[in-house]
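What follows is a set of notes on a single structure, which appears directly below.
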Amino acid sequence: MLKRLSNPSTNVALFLIILAVVVSLRAADRHTLIINGEATEVPVIFVSGHPYVDLEALANTLNGSVSSSGAIVALSLPASSANRAPSPTTVSAVPAPAPTQAAPSNPGFSREFLNAGIEQMSTLREWHAALDSAIQNGIPLSAGLLAPYRAQATTNLRLAEVAAVTPSDHSASQLLNNAFQNMTKLADKYVKMRADMTYISPDALQNDGLNQRLIACGRSLRSMAASGQFVDDGSCN
């Protein structure tokens with residue numbers, strides 16, 4: 001029959017070996033989040049190949065705050081952080097099409113611009129949904145509540161402009177800019193109404209002409225993205 005190990009020195013050695021293995025495994029799983037070229041202490045984990053960060057830790061790193069109400073979680077950042085333009089390194093990270101490539105006879109949208117444009121439309125939709133949800137649920141509107149959406153839309157718009165190479169790309173880029181400007185006007189309108197203590201009906205957006213134009217513009221952009229061709233029906237002008 002085997003005897004159970006009872007030597008204290010042996011037990012200590014085994015404990016140290018196990019501890020070293022655990023520490024090395026944890027160190028291997030650590031990931032560093034870099035923001036505008038600067039390393040941070042924000043924890044990053046990967047789930048099914050996608051990175052996720054601790055929102056509160058990210059807010060602390062950016063001198064912001066996190067608040068929640070109902071189905072909305074708001075990340076508020078200082079104006080200097082939320083509205084600053086992406087660094088040249090960030091913008092240049094989008095690969096520009098090689099100038100030596102021959103353009104087809106009917107180029108339509110380039111793949112790089114189409115991907116960037118779809119990302120921008122998704123961001124505008126999220127911004128609009130956050131505004132709509134806040135109005136419907138009576139959540140106090142403020143510039144800080146919607147600042148993260150505005151900042152992301154600003155970045156994505158610039159990335160789409162950088163990716164534009166064909167005539168269709170440049171034309172659609174102007175419409176994306178128009179949609180961004182209209183979304184900005186719509187958000188600012190209701191933030192100002194809240195600041196002025198003006199009553200905002202839960203269904204205010206349904207009767208708002210600017211909102212209706214913005215929705216029509218979104219439908220037009222989605223249709224162009226699906227067809228891969230630029231067709232201006234005037235809804236984004």
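By convention in this document, the chains of the structure tokens carry letters A, B, ... by their order, each chain's residues are numbered from 1, and ligands are numbered from 1 in the order they are shown.
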Exercise. Can you pull out every residue within 10 Å of His170 of chain A, counting only C-alpha atoms, but drop anything in the same chain fewer than 4 positions away, and send it as a list in words?
Key: Phe109, Phe113, Ala160, Glu161, Val162, Ala163, Ala164, Val165, Thr166, Gln174, Leu175, Leu176 and Phe230 of chain A
I need the residues from that last selection saved to file as a PDB file, in the first residue's frame (with C-alpha atoms), if you can.
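Final file, result-v1.pdb:
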ATOM      1  CA  PHE A 109     -18.813  50.986 -54.037  1.00  0.00           C
ATOM      2  CA  PHE A 113     -15.909  51.967 -48.172  1.00  0.00           C
ATOM      3  CA  ALA A 160     -15.604  56.088 -44.248  1.00  0.00           C
ATOM      4  CA  GLU A 161     -14.287  59.302 -45.832  1.00  0.00           C
ATOM      5  CA  VAL A 162     -10.740  57.917 -45.783  1.00  0.00           C
ATOM      6  CA  ALA A 163     -11.906  54.660 -47.401  1.00  0.00           C
ATOM      7  CA  ALA A 164     -13.751  56.414 -50.271  1.00  0.00           C
ATOM      8  CA  VAL A 165     -11.992  55.917 -53.622  1.00  0.00           C
ATOM      9  CA  THR A 166     -14.620  55.516 -56.366  1.00  0.00           C
ATOM     10  CA  GLN A 174     -21.506  63.060 -48.614  1.00  0.00           C
ATOM     11  CA  LEU A 175     -24.890  61.480 -47.841  1.00  0.00           C
ATOM     12  CA  LEU A 176     -23.421  59.774 -44.756  1.00  0.00           C
ATOM     13  CA  PHE A 230     -25.141  54.768 -55.634  1.00  0.00           C
TER      14      PHE A 230
END
Quick one: everything within 6 Å of segment 202-206 of chain A, counting only C-alpha atoms, minus sequence neighbours fewer than 2 positions away in the same chain. Send it as a PyMOL selection string. chain A and resi 135-136+208
Judged by only C-alpha atoms, the minimum distance to Pro51 of chain A among A:Cys236, A:Ile118, A:Ala216, A:Leu33 is found for A:Leu33
Pairwise distance, atom CA of Ala225 of chain A with atom CA of Leu186 of chain A, equals 23.8 Å
What is the distance between atom CA of Leu55 of chain A and atom CA of Ala153 of chain A, in Å to one decimal?
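Result for atom CA of Leu55 of chain A versus atom CA of Ala153 of chain A: 19.1 Å, one decimal.
Compared by their closest atoms to Thr184 of chain A, and using only C-alpha atoms, the residues A:Arg213, A:His50, A:His128, A:His31 rank with A:His128 nearest.
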Hey, what's within 9 Å of Ala187 of chain A if we count only C-alpha atoms and toss same-chain stuff fewer than 3 positions away? As a list in words, please?
Trp127, His128, Leu131, Ala143, Leu146, Asn182, Met183, Thr184, Tyr190, Val191 and Lys192 of chain A
If you keep C-alpha atoms, can you produce a file of those selected residues as a PDB file, in the first residue's frame?
ATOM      1  CA  TRP A 127     -27.485  56.686 -31.475  1.00  0.00           C
ATOM      2  CA  HIS A 128     -31.042  57.176 -32.714  1.00  0.00           C
ATOM      3  CA  LEU A 131     -32.372  58.979 -28.087  1.00  0.00           C
ATOM      4  CA  ALA A 143     -25.149  65.891 -23.823  1.00  0.00           C
ATOM      5  CA  LEU A 146     -25.458  60.716 -25.894  1.00  0.00           C
ATOM      6  CA  ASN A 182     -29.198  65.567 -39.181  1.00  0.00           C
ATOM      7  CA  MET A 183     -28.759  63.099 -36.320  1.00  0.00           C
ATOM      8  CA  THR A 184     -26.665  65.685 -34.495  1.00  0.00           C
ATOM      9  CA  TYR A 190     -34.134  67.391 -27.576  1.00  0.00           C
ATOM     10  CA  VAL A 191     -31.175  67.913 -25.252  1.00  0.00           C
ATOM     11  CA  LYS A 192     -31.867  71.667 -25.455  1.00  0.00           C
TER      12      LYS A 192
END
